[in-house]
Structures are given as structure tokens and as C-alpha cells.
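Asker: Have a look at this one.
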Amino acid sequence: MKIAIINRSDLNGGAAVFTYRLMNAFRNAGVDASMLVTEQLGNDENVVSYADTIADKYHFLAERLQIFLQNGFSRENLFKVDTADWGRDIANHPAVKDADVIILNWINQGALSLDCVEKLCDTGKPIIWNMHDMWECTGICHHAYECSRYKHECGKCQYLSSNNENDLSHRVWKKKKSIFSAPNLHFVSVSNWLAKKCKESSLLGDKHITVIPNTTNVEQYSCSRLPNSNYGISADKKVIAIGAARLDDPVKGFPILLSSLKWLKAHKPETASKIHLILFGGLRDISLLQEIDIPYTFLGRIDANRVKDVLAHADIVISSSLYESFGGTLIEGMAAGCTPVTFGNGGQGDIVDHKRTGYIAMYKSHEDLAYGIEWAINAKLDRQFLHDEMQKRFSPTTVVEKYLSLFEKLLAK
């Protein structure tokens, strides 16, 4: 069996990392899988670039200009939406023609156009669309947040500041609606939360959606706790780790985390005195660190190996995200033996079992997030137990078995 997996990049972005892991998981299971990208940053021979520098730049700029003209010349929302009106046509690419199954992942910003997706469907081969956010079930946005227009036909898009029913979001919605009727197109969601959003939508509400999580190389994480002294932290401190590509991205709920720490210091001073916070990732507004009321260490952006090291020095991993399609940092933290504390409005509910493997706080409640931190300190969950739970759910072997079962069903049709 040959599988062609299409993603914009092999290493740049969360979807790229998970897609690359999936390709390797297939290959380690003896499946001939290759990855097709327009942006190749690594040198893996199984990653095939179909880049055309001039065409790709033209497609990227044309789409941004299209959105810029439609959203009132706002830079703020310029990358919160994609149209896939512009992109490459690779239906005749040798890797695509040789494939038995084609998997689409993150195809935006010039990687594929919707017209090309339609041509791929015309091949008659099973096409699996692996969804990493809400883009496939909305007109143009990657996260609808509180907007419910994706349940109808979009239009009047908040990201376009539009009052027009037939705006760009509705026009792209109509194109998706037509393409999504292809009988050989099957959708996979990385979490039950995302699948629920899709089932609520007008685009995917009548489609069968399979939930298969992203894979994580859990076996690469040691769950042995390393000493605080390696980071210059007092031995008696409980270390809380929090990380994100950009910590102060509004979706990450950083202000709620700050409020929970302030609440702990004011109402649970004994608990607050036990804590040291380690933060890693980008931070646009560095002044936010001044609002942290407990001892902390800020590492900035760090690579994957350093993340593993940080988590091996932590007792708790925390996510204050308002929405998470999946929740990779929580899985990595638990693989390293950290007790998770998080909200449950997203894929976190597939990862954490409340008060068994971690704490799921009431949504947007800084007070309950603080209670979760206190619970995690006192629960003293076994690190090996948490590691093993992640191994059962998200190991490459587990995820590949689910995909192979799906392939068998689709190929039998």
C-alpha cells in the first residue's frame, strides 16, 4: 500500500510536526508513506517537495491580497482566515498517481487550491482529510470562537467586519459544499471536540467523521523526575511548566493563568509558596512577565529536546487555552510524568480524565484553575502511570492501527 500525505510544510507549524510524525509512524509499521510539501525544511528523502518558488509566492500573495481587500485592509485578521482559492494543482504528480490512499492535512497558504482538492477527488481514490482546526467546517476561518454562523452558511464574517450575507466567507462556503459531496472524501478529526464542532456545522453535519488523534512519540519521554537544582530552583519547589508557540496569543488564555496565580497567592498563600513557574515559547508583550506573582523562569523559544528536558524537571503541566483542537503540550507533559491542569473546551477532554489523570477546570474560571493547581500538588500522581496512559492512547502504533482500519474500510467500498 502506498500513501501520499499532503501538507504545506514538513517541519514548520504544529500540523507539519504531527504530519511528519504520522508519515514516520506509517513507515515504521511497514507502510510505504511519503509526504508532499511546498516548504521543505528538512532533508528526509521520504519528503517530496513540489515547490515552485515563483508560483508559490504568487499564490500566497494573491490570496493575502484577496483577503486584505475584503476585510477592510486589516492586518489584524489577515492570517486568521484562508480561502484556498489560490494554490497548486498536483493531481498528476507521480507520488499522487502512485498512491492508493491520499491524506490531506494543512493545505492552506498556497499549498493546494480547493479546485485541486476537487481534482484529487475525481481520481476516485480514497481521500482522507485530516482536520487540525475548524477550517474545513467553516467558510474561511480556522477557529470560529463564539461565532455560530458556521452552523448555517457563514456570511457576515467577523474576520471581514462584514454585514454581507454573500461575502467571501459565504462564497468559499459554497465551493466547499460542492466539493465535500464527493463520495470518496472522508474526514478525520484529531479530537472528539473538533468532531462535535464539525457535526454542528452546515458543511460537515451530514458527513461521517472518524476521530483519530495525532500521534506523539511517547516512548521518547522519560518520566523520571530530574532535580530542580539543574535550573537553579529550590529543591522544595513544585515546578509548573507552561509552553506555547506564542504564550500571549489570545487563544492561550494567559491572562486567566495570571489571575489564577494571583488568586492563589491571595487566598492560598501556603500553596503559592510551594510553586515555581517555568515558561517557554514566544511572548510579544514581555511586560506581562511583571504580572507574575510567584517565582518564575522564562526560557523563551526552545527546541523540542529542550522541551523534553523542561518537562522532566516539572511536576505539573498547565494549559489555560480557551480552545484547543488537540492539546499536544499536555500529552508531552504527561508523557514526561507531569500532572495536567487544563480547561476542557477542546481536545483536552480526550487527554485528561478529571481527577484520575489530571484536573479539568471550569471553563474560563481562574479560581477553579487555581484549585486545579492545588489539587495537582496534593494528588501526587505516579509519573509512570501518566506516561503509560499516554502510551496507550497516542503512541504511533495505536494511531497507525486506527488509520489502517479506516483504509481497509474505504478501500473495500
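Identifiers in the C-alpha cells: chain A, B, ... in order shown; residue index from 1 per chain; ligand index from 1 in order shown.
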Running DSSP on the backbone, which parts of region 136-292 of chain A land in strand (DSSP E or B), as a PyMOL selection string?

Answerer: chain A and resi 141+185-189+209-211+238-246+275-282

Asker: For the helix (DSSP H, G or I) assignment from backbone DSSP, which residues of region 104-252 of chain A qualify? Please present them as a PyMOL selection string.

Answerer: chain A and resi 114-122+135-137+149-151+158-160+168-179+192-200+218-220+228-231+250-252

Asker: Select, from A:Lys268, A:Ile242, A:Leu104, A:Thr357, the residue with the minimum atom-to-atom distance to Met35 (chain A), counting only C-alpha atoms.

Answerer: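 Comparing A:Lys268, A:Ile242, A:Leu104, A:Thr357 against Met35 (chain A), the winner is A:Leu104.
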
Asker: I'd like the contact shell of region 119-124 of chain A - 8 Å cut-off, only C-alpha atoms, skipping same-chain residues fewer than 5 positions apart - returned as a list in words.

Answerer: Ala91, Ala182, Asn184 and Leu185 of chain A

Asker: The selected residues should be written to file as a PDB file, in the first residue's frame (atoms: N, CA and C atoms).

Answerer:
ATOM      1  N   ALA A  91      -2.643  16.971  -8.977  1.00  0.00           N
ATOM      2  CA  ALA A  91      -3.384  15.729  -9.252  1.00  0.00           C
ATOM      3  C   ALA A  91      -2.588  14.776 -10.141  1.00  0.00           C
ATOM      4  N   ALA A 182     -18.230  14.811  -2.644  1.00  0.00           N
ATOM      5  CA  ALA A 182     -17.546  13.681  -3.282  1.00  0.00           C
ATOM      6  C   ALA A 182     -17.655  12.438  -2.398  1.00  0.00           C
ATOM      7  N   ASN A 184     -15.881   9.768  -2.207  1.00  0.00           N
ATOM      8  CA  ASN A 184     -14.612   9.167  -1.762  1.00  0.00           C
ATOM      9  C   ASN A 184     -13.827  10.070  -0.827  1.00  0.00           C
ATOM     10  N   LEU A 185     -14.446  11.165  -0.383  1.00  0.00           N
ATOM     11  CA  LEU A 185     -13.794  12.091   0.542  1.00  0.00           C
ATOM     12  C   LEU A 185     -14.255  11.786   1.957  1.00  0.00           C
TER      13      LEU A 185
END

Asker: Please report as CSV every residue of region 166-212 of chain A lying within 12 Å of region 397-402 of chain A, along with the nearest atom pair and their distance in Å (one decimal), using only C-alpha atoms.

Answerer:
residue,atom,partner,partner_atom,distance
A:Val188,CA,A:Lys402,CA,10.9
A:Val190,CA,A:Val399,CA,10.6
A:Thr210,CA,A:Lys402,CA,9.5
A:Val211,CA,A:Lys402,CA,9.1
A:Ile212,CA,A:Val399,CA,6.7

Asker: Can you work out which one of A:Gln40, A:Ser321, A:Ser395, A:Ser234 has the shortest atom-to-atom distance to Ile360 (chain A), counting only C-alpha atoms?

Answerer: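 For Ile360 (chain A), the nearest of the candidates is A:Ser321.
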
Asker: What is the CA of Gln109 (chain A)-CA of Phe60 (chain A) distance in Å, reported with one decimal?

Answerer: 5.4 Å

Asker: Return as a Markdown table the residues of region 130-245 of chain A lying at most 12 Å from region 288-296 of chain A, together with the closest atom-to-atom pair for each and the distance in Å to one decimal, counting only C-alpha atoms, with rows in chain order and ascending residue number.

Answerer:
| residue | atom | partner | partner_atom | distance |
| --- | --- | --- | --- | --- |
| A:Tyr231 | CA | A:Tyr296 | CA | 10.8 |
| A:Gly232 | CA | A:Tyr296 | CA | 10.9 |
| A:Ile233 | CA | A:Tyr296 | CA | 9.2 |
| A:Ser234 | CA | A:Pro295 | CA | 10.4 |
| A:Lys237 | CA | A:Pro295 | CA | 9.8 |
| A:Lys238 | CA | A:Pro295 | CA | 11.0 |
| A:Val239 | CA | A:Tyr296 | CA | 9.1 |
| A:Ile240 | CA | A:Tyr296 | CA | 9.2 |
| A:Ala241 | CA | A:Tyr296 | CA | 9.8 |
| A:Ile242 | CA | A:Tyr296 | CA | 10.9 |
